[in-house]
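Source file: structure.cif. Holds: mmCIF, C-alpha atoms.
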data_protein
loop_
_atom_site.label_atom_id
_atom_site.label_comp_id
_atom_site.auth_asym_id
_atom_site.auth_seq_id
_atom_site.Cartn_x
_atom_site.Cartn_y
_atom_site.Cartn_z
CA MET V 1 -3.23 -34.63 -34.31
CA ASP V 2 -3.36 -36.40 -37.65
CA GLU V 3 -2.47 -33.38 -39.71
CA LEU V 4 -1.75 -29.71 -39.31
CA ALA V 5 -4.23 -27.34 -40.95
CA ASP V 6 -2.86 -26.41 -44.37
CA ASP V 7 -4.18 -22.86 -44.43
CA ALA V 8 -0.68 -21.47 -44.74
CA THR V 9 -0.11 -22.73 -48.27
CA GLY V 10 1.53 -20.04 -50.35
CA LEU V 11 2.31 -17.79 -47.40
CA ARG V 12 5.83 -16.50 -46.84
CA LEU V 13 6.92 -16.64 -43.21
CA LEU V 14 9.90 -15.21 -41.38
CA ILE V 15 10.75 -17.05 -38.16
CA VAL V 16 13.00 -15.20 -35.66
CA GLU V 17 14.10 -17.39 -32.75
CA ASP V 18 17.48 -17.65 -31.05
CA ASP V 19 16.91 -21.13 -29.61
CA GLU V 20 18.04 -23.51 -32.34
CA LEU V 21 15.79 -26.41 -31.39
CA VAL V 22 12.64 -24.28 -31.00
CA ARG V 23 13.43 -22.50 -34.27
CA GLU V 24 13.72 -25.79 -36.11
CA MET V 25 10.40 -27.01 -34.69
CA VAL V 26 8.54 -23.84 -35.68
CA VAL V 27 10.05 -24.01 -39.16
CA ARG V 28 9.01 -27.65 -39.58
CA ALA V 29 5.47 -27.06 -38.29
CA ALA V 30 5.01 -24.02 -40.56
CA ALA V 31 6.42 -25.96 -43.51
CA ALA V 32 4.01 -28.82 -42.72
CA MET V 33 1.21 -26.25 -43.05
CA GLY V 34 2.42 -25.46 -46.55
CA ALA V 35 4.16 -22.16 -45.83
CA THR V 36 7.46 -21.07 -47.39
CA VAL V 37 9.74 -20.33 -44.47
CA ASP V 38 12.87 -18.29 -43.82
CA ALA V 39 14.43 -18.57 -40.38
CA VAL V 40 16.98 -16.39 -38.60
CA SER V 41 18.46 -16.50 -35.11
CA GLY V 42 18.51 -12.81 -34.20
CA GLY V 43 16.71 -9.48 -34.49
CA GLU V 44 19.39 -7.70 -36.53
CA GLU V 45 19.28 -10.33 -39.24
CA ALA V 46 15.48 -10.31 -39.20
CA MET V 47 15.42 -6.55 -39.73
CA SER V 48 17.78 -6.72 -42.71
CA ARG V 49 15.63 -9.51 -44.24
CA LEU V 50 12.53 -7.38 -43.76
CA ARG V 51 14.15 -4.56 -45.73
CA VAL V 52 14.67 -6.71 -48.84
CA GLU V 53 12.13 -9.55 -48.67
CA ARG V 54 8.38 -9.51 -48.60
CA TYR V 55 6.83 -11.66 -45.85
CA ASP V 56 3.17 -12.31 -45.08
CA ILE V 57 3.71 -13.28 -41.44
CA VAL V 58 6.57 -12.73 -38.99
CA VAL V 59 6.88 -15.10 -36.02
CA THR V 60 9.38 -13.78 -33.48
CA ASP V 61 10.74 -14.59 -30.05
CA LEU V 62 10.75 -11.66 -27.62
CA MET V 63 13.91 -12.01 -25.57
CA MET V 64 16.91 -12.27 -27.82
CA PRO V 65 20.45 -11.00 -27.47
CA ASN V 66 21.15 -7.52 -28.90
CA THR V 67 17.84 -6.77 -30.61
CA SER V 68 14.52 -7.57 -28.95
CA GLY V 69 11.48 -9.06 -30.67
CA LEU V 70 9.68 -5.72 -30.18
CA GLU V 71 12.17 -4.05 -32.52
CA VAL V 72 11.45 -6.74 -35.10
CA LEU V 73 7.69 -6.12 -34.77
CA LYS V 74 8.18 -2.37 -35.23
CA ALA V 75 10.36 -2.98 -38.31
CA ALA V 76 7.67 -5.29 -39.74
CA ARG V 77 5.05 -2.61 -39.14
CA ARG V 78 7.17 -0.15 -41.14
CA CYS V 79 6.89 -2.41 -44.24
CA GLU V 80 4.70 -0.99 -46.99
CA HIS V 81 2.58 -4.12 -47.25
CA PRO V 82 0.50 -5.60 -44.40
CA VAL V 83 2.27 -8.22 -42.26
CA GLY V 84 0.66 -10.56 -39.73
CA LEU V 85 2.61 -10.68 -36.46
CA VAL V 86 3.07 -13.51 -33.96
CA VAL V 87 5.20 -13.33 -30.80
CA VAL V 88 6.32 -16.58 -29.15
CA THR V 89 7.84 -16.12 -25.71
CA GLY V 90 8.62 -17.91 -22.49
CA TYR V 91 8.33 -14.77 -20.43
CA ALA V 92 6.77 -11.37 -21.10
CA GLU V 93 6.59 -8.40 -18.73
CA ARG V 94 3.26 -6.56 -18.50
CA SER V 95 4.78 -3.63 -20.40
CA ASP V 96 5.83 -6.00 -23.20
CA GLU V 97 2.32 -7.45 -23.38
CA ARG V 98 0.91 -3.94 -23.83
CA ALA V 99 3.46 -3.09 -26.53
CA ILE V 100 2.71 -6.38 -28.34
CA ALA V 101 -1.02 -5.65 -28.32
CA GLU V 102 -0.46 -2.06 -29.50
CA LEU V 103 1.59 -3.33 -32.45
CA GLY V 104 -1.29 -5.64 -33.34
CA ALA V 105 0.59 -8.88 -32.72
CA ILE V 106 -0.73 -12.07 -31.14
CA LEU V 107 1.15 -13.49 -28.15
CA VAL V 108 1.79 -17.24 -27.85
CA GLN V 109 3.28 -18.33 -24.53
CA LYS V 110 5.91 -21.08 -24.41
CA PRO V 111 5.59 -23.95 -24.03
CA PHE V 112 3.20 -24.11 -26.95
CA ARG V 113 2.10 -26.99 -29.17
CA ALA V 114 1.68 -27.20 -32.91
CA ALA V 115 -2.10 -26.56 -32.60
CA ASP V 116 -1.41 -23.24 -30.82
CA LEU V 117 0.88 -22.24 -33.66
CA VAL V 118 -1.79 -23.18 -36.22
CA THR V 119 -4.32 -20.97 -34.41
CA ALA V 120 -1.87 -18.07 -34.13
CA LEU V 121 -0.85 -18.27 -37.79
CA SER V 122 -4.47 -18.37 -38.86
CA TRP V 123 -5.18 -15.31 -36.70
CA ALA V 124 -2.15 -13.48 -38.12
CA GLN V 125 -3.22 -14.37 -41.66
CA ASN V 126 -6.71 -12.89 -41.08
CA GLN V 127 -5.12 -9.82 -39.60
CA ARG V 128 -2.87 -9.41 -42.64
CA ASP V 129 -5.82 -9.94 -44.99
CA SER V 130 -7.82 -7.30 -43.17
CA GLY V 131 -5.01 -4.98 -44.26
CA ARG V 132 -3.50 -3.91 -41.00
CA MET N 133 73.24 -36.06 65.90
CA ALA N 134 70.10 -38.12 65.99
CA ASP N 135 68.04 -34.91 66.07
CA ARG N 136 69.80 -33.54 63.04
CA CYS N 137 69.16 -36.82 61.24
CA ASP N 138 65.46 -36.68 62.11
CA GLN N 139 65.28 -33.05 60.96
CA ARG N 140 66.88 -33.92 57.59
CA SER N 141 64.51 -36.85 57.06
CA SER N 142 61.49 -34.64 57.85
CA GLU N 143 62.74 -31.98 55.40
CA ASP N 144 63.19 -34.70 52.76
CA GLU N 145 59.70 -35.94 53.40
CA HIS N 146 58.29 -32.43 53.11
CA ARG N 147 60.17 -31.87 49.84
CA THR N 148 58.81 -35.15 48.48
CA ASP N 149 55.28 -34.09 49.48
CA VAL N 150 55.68 -30.71 47.80
CA GLU N 151 57.14 -32.31 44.66
CA GLY N 152 54.26 -34.81 44.59
CA ALA N 153 51.69 -32.04 45.01
CA LEU N 154 53.33 -29.92 42.29
CA GLU N 155 53.33 -32.90 39.93
CA GLY N 156 49.61 -33.34 40.61
CA LEU N 157 48.93 -29.67 39.95
CA THR N 158 51.05 -29.72 36.78
CA ALA N 159 49.06 -32.74 35.54
CA VAL N 160 45.78 -30.86 36.05
CA LEU N 161 47.03 -27.74 34.26
CA LEU N 162 48.53 -29.79 31.41
CA ALA N 163 45.20 -31.63 30.99
CA VAL N 164 43.33 -28.29 30.88
CA ALA N 165 45.81 -26.98 28.31
CA ARG N 166 45.09 -30.08 26.18
CA GLY N 167 41.35 -29.58 26.45
CA LYS N 168 40.70 -32.29 29.07
CA PHE N 169 38.77 -30.92 31.97
CA ASP N 170 38.03 -33.98 34.13
CA VAL N 171 41.44 -34.24 35.90
CA ARG N 172 41.65 -32.90 39.50
CA ALA N 173 44.51 -32.51 41.96
CA SER N 174 44.19 -34.52 45.18
CA ARG N 175 43.86 -32.53 48.39
CA ASP N 176 44.56 -33.26 52.08
CA TYR N 177 42.22 -30.46 53.27
CA SER N 178 44.96 -29.28 55.71
CA GLY N 179 44.54 -25.67 54.60
CA ASP N 180 48.30 -25.36 54.05
CA PRO N 181 49.50 -23.35 51.02
CA ILE N 182 49.78 -26.47 48.81
CA ASP N 183 46.23 -27.52 49.71
CA VAL N 184 44.92 -23.99 49.01
CA LEU N 185 46.79 -23.97 45.68
CA SER N 186 45.28 -27.36 44.80
CA TYR N 187 41.82 -26.01 45.65
CA LEU N 188 42.37 -22.96 43.40
CA VAL N 189 43.70 -25.04 40.46
CA ASN N 190 40.75 -27.47 40.75
CA ALA N 191 38.28 -24.56 40.90
CA THR N 192 39.92 -22.97 37.82
CA ALA N 193 39.73 -26.28 35.89
CA GLU N 194 36.06 -26.55 36.90
CA GLU N 195 35.31 -23.00 35.74
CA VAL N 196 37.20 -23.41 32.43
CA SER N 197 35.34 -26.68 31.83
CA HIS N 198 32.02 -24.94 32.44
CA LEU N 199 32.91 -22.00 30.15
CA VAL N 200 34.12 -24.28 27.33
CA GLU N 201 30.91 -26.30 27.54
CA GLN N 202 28.85 -23.10 27.41
CA LEU N 203 30.91 -21.84 24.45
CA GLU N 204 30.40 -25.13 22.62
CA THR N 205 26.61 -24.96 23.13
CA GLU N 206 26.54 -21.39 21.87
CA ARG N 207 28.72 -22.30 18.88
CA ARG N 208 26.33 -25.14 18.01
CA GLU N 209 23.30 -22.85 18.31
CA LEU N 210 25.04 -20.23 16.18
CA GLN N 211 25.86 -22.82 13.52
CA VAL N 212 22.21 -23.95 13.41
CA ALA N 213 21.06 -20.32 13.13
CA ARG N 214 23.62 -19.67 10.39
CA ASP N 215 22.57 -22.77 8.44
CA ARG N 216 18.94 -21.61 8.66
CA LEU N 217 19.93 -18.17 7.45
CA VAL N 218 21.89 -19.64 4.55
CA GLN N 219 18.83 -21.66 3.61
CA ALA N 220 16.46 -18.68 3.89
CA ALA N 221 18.75 -16.54 1.75
CA LYS N 222 19.07 -19.32 -0.82
CA LEU N 223 15.31 -19.73 -1.06
CA ALA N 224 14.83 -15.98 -1.41
CA ALA N 225 17.42 -15.92 -4.20
CA LEU N 226 15.74 -18.91 -5.82
CA GLY N 227 12.46 -16.99 -5.89
CA GLU N 228 14.23 -14.18 -7.74
CA LEU N 229 15.60 -16.71 -10.23
CA ALA N 230 12.23 -18.37 -10.81
CA ALA N 231 11.25 -16.39 -13.91
CA GLY N 232 14.55 -17.16 -15.60
CA VAL N 233 14.32 -20.84 -14.69
CA ALA N 234 10.75 -21.02 -16.05
CA HIS N 235 11.92 -19.43 -19.29
CA GLU N 236 14.82 -21.84 -19.55
CA LEU N 237 12.59 -24.87 -19.03
CA ASN N 238 9.99 -23.56 -21.48
CA GLN N 239 12.38 -23.73 -24.44
CA PRO N 240 13.12 -27.48 -24.36
CA LEU N 241 9.53 -28.13 -23.26
CA THR N 242 8.27 -26.32 -26.39
CA ALA N 243 10.66 -28.34 -28.54
CA ILE N 244 9.49 -31.65 -27.02
CA GLY N 245 5.79 -30.77 -27.42
CA MET N 246 6.30 -29.73 -31.03
CA LEU N 247 8.36 -32.84 -31.79
CA VAL N 248 5.53 -35.02 -30.46
CA ASP N 249 3.06 -33.15 -32.71
CA LEU N 250 5.34 -33.48 -35.73
CA LEU N 251 5.90 -37.21 -35.10
CA GLU N 252 2.14 -37.70 -34.84
CA LEU N 253 1.79 -36.33 -38.36
CA HIS N 254 3.39 -39.56 -39.59
CA PRO N 255 1.94 -42.43 -37.54
CA GLU N 256 3.08 -44.90 -40.18
CA ARG N 257 6.77 -44.25 -39.44
CA ARG N 258 8.74 -46.80 -37.49
CA VAL N 259 10.93 -45.85 -34.53
CA GLY N 260 14.08 -46.28 -36.63
CA GLN N 261 12.87 -43.63 -39.04
CA CYS N 262 12.33 -41.14 -36.23
CA ARG N 263 15.77 -41.59 -34.73
CA SER N 264 16.99 -38.01 -35.24
CA ASP N 265 13.81 -36.56 -33.71
CA LEU N 266 14.05 -38.92 -30.76
CA GLU N 267 17.66 -37.86 -30.33
CA ARG N 268 16.53 -34.21 -30.30
CA MET N 269 13.97 -35.06 -27.63
CA GLY N 270 16.74 -36.71 -25.64
CA GLN N 271 18.84 -33.54 -25.95
CA ALA N 272 15.93 -31.40 -24.76
CA VAL N 273 15.31 -33.70 -21.80
CA ARG N 274 19.00 -33.63 -20.87
CA ARG N 275 18.98 -29.83 -21.06
CA MET N 276 15.98 -29.72 -18.72
CA GLY N 277 17.75 -32.15 -16.43
CA ARG N 278 20.78 -29.86 -16.20
CA ILE N 279 18.60 -26.89 -15.31
CA VAL N 280 16.70 -28.87 -12.67
CA ASP N 281 20.01 -30.18 -11.25
CA SER N 282 21.34 -26.68 -11.02
CA VAL N 283 18.24 -25.47 -9.15
CA ARG N 284 18.37 -28.46 -6.83
CA MET N 285 22.05 -27.93 -6.13
CA PHE N 286 21.33 -24.32 -5.22
CA GLY N 287 18.41 -25.10 -2.93
CA ARG N 288 20.03 -28.01 -1.08
CA ALA N 289 20.54 -27.57 2.67
CA GLY N 290 23.15 -29.31 4.75
CA PRO N 291 26.54 -29.17 6.43
CA LEU N 292 29.80 -28.50 4.56
CA ARG N 293 30.63 -31.55 2.42
CA ARG N 294 33.91 -31.47 0.58
CA SER N 295 34.86 -33.50 -2.45
CA LEU N 296 37.24 -33.09 -5.38
CA VAL N 297 35.70 -30.54 -7.74
CA PRO N 298 37.09 -29.38 -11.11
CA ALA N 299 37.73 -25.65 -10.58
CA GLU N 300 35.60 -24.35 -13.46
CA ARG N 301 32.53 -26.50 -12.74
CA PRO N 302 30.77 -24.44 -10.01
CA LEU N 303 31.03 -21.33 -12.22
CA ASN N 304 29.80 -23.16 -15.33
CA ASP N 305 26.86 -24.63 -13.39
CA ALA N 306 25.93 -21.18 -12.07
CA LEU N 307 26.00 -19.89 -15.66
CA GLU N 308 23.54 -22.64 -16.57
CA LEU N 309 21.02 -20.79 -14.37
CA LEU N 310 22.01 -17.22 -15.17
CA ALA N 311 23.11 -17.18 -18.83
CA LYS N 312 19.61 -16.81 -20.22
CA PRO N 313 18.33 -14.19 -17.74
CA MET N 314 21.49 -12.19 -18.51
CA GLU N 315 20.96 -12.55 -22.23
CA GLN N 316 17.42 -11.28 -21.74
CA CYS N 317 18.87 -8.15 -20.19
CA HIS N 318 21.14 -7.84 -23.27
CA ILE N 319 24.22 -8.60 -21.18
CA GLU N 320 27.20 -10.04 -23.01
CA ILE N 321 29.17 -12.72 -21.17
CA ASP N 322 32.91 -12.70 -21.80
CA LYS N 323 34.21 -15.99 -20.43
CA ARG N 324 37.95 -16.53 -20.14
CA ILE N 325 38.60 -19.86 -18.50
CA GLY N 326 42.24 -20.95 -18.41
CA ASP N 327 43.46 -24.32 -19.68
CA SER N 328 44.32 -27.26 -17.41
CA LEU N 329 42.72 -25.85 -14.29
CA PRO N 330 43.27 -27.89 -11.13
CA VAL N 331 40.75 -29.49 -8.80
CA LEU N 332 39.59 -28.05 -5.50
CA HIS N 333 38.77 -29.88 -2.30
CA ALA N 334 35.51 -28.08 -1.80
CA ASP N 335 31.78 -28.18 -1.19
CA GLU N 336 30.52 -27.89 -4.74
CA ASP N 337 26.98 -26.85 -3.75
CA ARG N 338 28.26 -23.95 -1.70
CA LEU N 339 30.69 -22.72 -4.37
CA HIS N 340 27.84 -22.94 -6.87
CA GLN N 341 25.84 -20.72 -4.51
CA VAL N 342 28.70 -18.19 -4.38
CA PHE N 343 28.83 -17.88 -8.17
CA VAL N 344 25.04 -17.72 -8.53
CA ASN N 345 25.16 -14.81 -6.05
CA LEU N 346 27.99 -13.02 -7.85
CA LEU N 347 26.36 -13.45 -11.28
CA THR N 348 22.95 -12.34 -9.94
CA ASN N 349 24.56 -9.23 -8.45
CA ALA N 350 26.33 -8.46 -11.73
CA ARG N 351 23.06 -8.83 -13.64
CA ASP N 352 21.22 -6.62 -11.16
CA ALA N 353 23.95 -3.97 -11.34
CA LEU N 354 23.70 -3.91 -15.14
CA ARG N 355 19.91 -3.97 -15.24
CA GLY N 356 19.73 -0.38 -14.01
CA VAL N 357 22.24 0.98 -16.57
CA GLN N 358 20.58 3.34 -19.05
CA ASP N 359 23.17 3.08 -21.82
CA LYS N 360 22.66 -0.44 -23.14
CA ARG N 361 25.67 -0.41 -25.47
CA ASP N 362 28.24 -1.99 -23.21
CA LEU N 363 26.55 -4.35 -20.78
CA ARG N 364 29.16 -6.97 -20.13
CA VAL N 365 30.16 -9.47 -17.47
CA THR N 366 33.71 -10.76 -17.70
CA LEU N 367 34.48 -14.08 -16.03
CA VAL N 368 38.12 -15.04 -15.60
CA VAL N 369 39.39 -18.25 -14.05
CA GLU N 370 43.14 -18.81 -13.79
CA ARG N 371 45.58 -20.54 -11.47
CA SER N 372 48.65 -19.60 -9.51
CA ALA N 373 51.01 -22.13 -7.93
CA THR N 374 48.74 -22.58 -4.92
CA HIS N 375 45.34 -21.10 -5.76
CA VAL N 376 42.58 -20.88 -8.33
CA ILE N 377 41.64 -17.24 -8.91
CA TYR N 378 38.19 -16.28 -10.13
CA ARG N 379 37.22 -12.78 -11.19
CA VAL N 380 33.64 -11.70 -11.87
CA GLU N 381 33.58 -8.18 -13.27
CA ASP N 382 30.73 -6.10 -14.65
CA THR N 383 30.50 -2.84 -16.57
CA GLY N 384 27.88 -1.45 -14.18
CA PRO N 385 28.18 1.68 -12.03
CA GLY N 386 30.51 0.02 -9.49
CA VAL N 387 30.33 0.49 -5.74
CA ALA N 388 30.92 3.75 -3.87
CA PRO N 389 33.91 3.56 -1.46
CA ALA N 390 31.66 3.97 1.62
CA VAL N 391 29.47 1.10 0.41
CA ALA N 392 32.49 -1.04 -0.54
CA GLN N 393 33.59 -1.06 3.11
CA ARG N 394 30.32 -2.63 4.20
CA ILE N 395 29.72 -4.79 1.17
CA PHE N 396 30.32 -8.10 3.00
CA ASP N 397 28.25 -7.12 6.06
CA PRO N 398 25.16 -9.25 6.63
CA PHE N 399 21.83 -7.60 5.74
CA PHE N 400 23.63 -4.75 3.99
CA THR N 401 22.01 -4.12 0.62
CA THR N 402 21.75 -1.29 -1.88
CA LYS N 403 18.90 -3.05 -3.67
CA GLU N 404 15.33 -1.90 -3.30
CA MET N 405 12.97 -3.48 -0.77
CA GLY N 406 11.98 -6.95 -1.94
CA GLN N 407 14.96 -7.23 -4.30
CA GLY N 408 17.24 -9.07 -1.93
CA MET N 409 17.93 -9.74 1.73
CA GLY N 410 21.45 -8.36 1.70
CA LEU N 411 22.87 -11.73 2.65
CA GLY N 412 24.29 -12.91 -0.68
CA LEU N 413 27.74 -11.37 -0.42
CA SER N 414 28.03 -11.90 3.31
CA LEU N 415 27.23 -15.60 2.96
CA SER N 416 29.44 -15.97 -0.10
CA HIS N 417 32.29 -14.37 1.82
CA GLY N 418 31.67 -16.78 4.70
CA ILE N 419 31.67 -19.78 2.35
CA ILE N 420 34.98 -18.75 0.76
CA LEU N 421 36.58 -18.25 4.20
CA GLU N 422 35.23 -21.65 5.25
CA HIS N 423 37.22 -23.10 2.32
CA GLY N 424 40.42 -21.38 3.46
CA GLY N 425 40.13 -18.91 0.59
CA GLU N 426 39.73 -15.19 0.20
CA MET N 427 37.13 -12.96 -1.38
CA ARG N 428 37.51 -9.25 -2.02
CA TYR N 429 35.96 -6.38 -3.89
CA GLN N 430 37.90 -4.30 -6.39
CA ARG N 431 36.99 -1.51 -8.71
CA GLY N 432 36.78 -3.02 -12.21
CA ASP N 433 38.88 -1.85 -15.16
CA ALA N 434 35.82 -0.23 -16.75
CA GLY N 435 34.71 1.36 -13.47
CA GLY N 436 32.25 -1.41 -12.58
CA ALA N 437 32.39 -3.89 -9.73
CA ALA N 438 34.89 -6.76 -9.69
CA PHE N 439 34.83 -9.59 -7.18
CA VAL N 440 37.92 -11.74 -6.80
CA VAL N 441 37.71 -15.18 -5.22
CA GLU N 442 40.85 -17.17 -4.42
CA LEU N 443 40.59 -20.80 -3.41
CA PRO N 444 43.42 -23.13 -2.43
CA ILE N 445 44.16 -25.99 -4.83
CA ALA N 446 43.52 -29.48 -3.41
CA GLU N 447 46.68 -30.90 -1.84
CA CYS N 448 46.56 -34.13 -3.87
CA GLU N 449 46.62 -32.04 -7.03
CA GLY N 450 49.75 -32.26 -9.14
CA ALA N 451 50.69 -29.93 -11.96
CA GLY N 452 47.92 -31.08 -14.30
CA GLY N 453 44.23 -31.80 -13.87
CA LEU N 454 42.55 -34.72 -12.09
#
As structure tokens, what does this structure read like?
Amino acid sequence: MDELADDATGLRLLIVEDDELVREMVVRAAAAMGATVDAVSGGEEAMSRLRVERYDIVVTDLMMPNTSGLEVLKAARRCEHPVGLVVVTGYAERSDERAIAELGAILVQKPFRAADLVTALSWAQNQRDSGR
Amino acid sequence: MADRCDQRSSEDEHRTDVEGALEGLTAVLLAVARGKFDVRASRDYSGDPIDVLSYLVNATAEEVSHLVEQLETERRELQVARDRLVQAAKLAALGELAAGVAHELNQPLTAIGMLVDLLELHPERRVGQCRSDLERMGQAVRRMGRIVDSVRMFGRAGPLRRSLVPAERPLNDALELLAKPMEQCHIEIDKRIGDSLPVLHADEDRLHQVFVNLLTNARDALRGVQDKRDLRVTLVVERSATHVIYRVEDTGPGVAPAVAQRIFDPFFTTKEMGQGMGLGLSLSHGIILEHGGEMRYQRGDAGGAAFVVELPIAECEGAGGL
């Protein structure tokens, strides 16, 4: 890959991932696409950010200590403005997959590559633009 | 006079014969007592009481030898069957751990894949300029290596092999496998490992298996709890003058007294069909006994289950560590 698609220029992203190394990689890839990125390591922190900041897309892990990624998705859905939602996870139960789909989020399975993230962000951006 | 002399000499001869025969019989019985079964008393086949006694002692030695041989064969067969059972139970437990292991490997694998993609964005960079990313890749690879080692250690078959093992290591290695699956179930791990713990003379693989079993059980006990506010596993490792004492305690529902009595029985399980073979605690108990230690169940402070494992400190161990 010579370059990451730069469709994300101007978008504000919130990355929620408890694994430090994975979080850093997602942040760097999103930044390379031109997005402005905030990153947090847990669901609680993500939910307080969502109350005060305005994000275009939220990328969240599913399995995190204390607050699950599903709670973050629900909190993002409660925002007044439309938010595109991406879930990155190493393991999702069938019931989680259903809940993710019902909340209108796209699921990206780990291990994923930068190109998968580009596709997911582009999908989430379209979804946000369509006003969901 | 001459007659009396002859009589005395014949009595002496008889006594010498009896003493000789008794010595022979004593030698046979002593050999049997020492576990040697190939010694036999000599016989003159006269049918006198000494000869009959010799016959009976020889027959007893023969029978004991036969029984011991039979016992040894059965012990060997039992050991083989037990080893197979240990292996089957380990593989079953490994299957249950598979999802967690996959998740654990997926994290560093994601990081490595993404790092490769990010490095490819700048093909003009020299290796020296990518040092920190390469170091991160190295970290991720080492993390994967630790997970793979832990799985391999758990799956390994073989006879008891003792070496000097730092007391906290088998527990820490088991946590390497279970920490993430527990976190996924929102379980908090409260680890209290004492300072300057001694070394054990133990089979590290088997102790690792014991702690994987105990942590898996704790996780399973907490998984069914409705109130998610206080899901906690407390791990304590401390030492006494002669032993290392481990305590694995959960805040789950605990074990009913009737169940607690049977908890170390093989094939006894309260888990649903397909959730476990009911061998984990029985095998763990066996492993701890094999090490000259003790394992027991107690009701935890918060009403959950607590398992206490005591293992003797290696004899070469002084007051400090290795």
Proximity check chain N to chain V, 6 Å, nearest pairs one decimal Å, all atoms listed in the file, as JSON lines:
{"residue": "N:His235", "atom": "CA", "partner": "V:Gly90", "partner_atom": "CA", "distance": 4.8}
{"residue": "N:Asn238", "atom": "CA", "partner": "V:Pro111", "partner_atom": "CA", "distance": 5.1}
{"residue": "N:Leu241", "atom": "CA", "partner": "V:Pro111", "partner_atom": "CA", "distance": 5.8}
{"residue": "N:Thr242", "atom": "CA", "partner": "V:Pro111", "partner_atom": "CA", "distance": 4.3}
{"residue": "N:Ala243", "atom": "CA", "partner": "V:Val22", "partner_atom": "CA", "distance": 5.1}
{"residue": "N:Gly245", "atom": "CA", "partner": "V:Arg113", "partner_atom": "CA", "distance": 5.6}
{"residue": "N:Met246", "atom": "CA", "partner": "V:Arg113", "partner_atom": "CA", "distance": 5.3}
{"residue": "N:Leu253", "atom": "CA", "partner": "V:Asp2", "partner_atom": "CA", "distance": 5.2}
{"residue": "N:Glu315", "atom": "CA", "partner": "V:Pro65", "partner_atom": "CA", "distance": 5.5}
{"residue": "N:Gln316", "atom": "CA", "partner": "V:Met63", "partner_atom": "CA", "distance": 5.2}
{"residue": "N:His318", "atom": "CA", "partner": "V:Pro65", "partner_atom": "CA", "distance": 5.3}
>> Starting from the PyMOL selection byres ((chain N and resi 373-378) around 6), expand the selection into actual residues of this file and give them as a ChimeraX atom specification.
In response: /N:368-372,379,440-445
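With CA of Arg166 in chain N on one side and CA of Ala446 in chain N on the other, the separation reads 29.6 Å.
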> What gap, in Å, lies between CA of Ser142 in chain N and CA of Ala173 in chain N?
Replying inline: 23.4 Å
> Written as a list in words, what is the full residue list that the PyMOL selection byres ((chain N and resi 435) around 9) yields on the file shown?
Replying inline: Asp382, Thr383, Gly384, Pro385, Gly386, Val387, Arg431, Gly432, Asp433, Ala434, Gly436, Ala437 and Ala438 of chain N
> On this structure, which residues satisfy the PyMOL selection byres ((chain V and resi 79) around 12), written as a ChimeraX atom specification?
Replying inline: /V:47-58,72-78,80-84,132
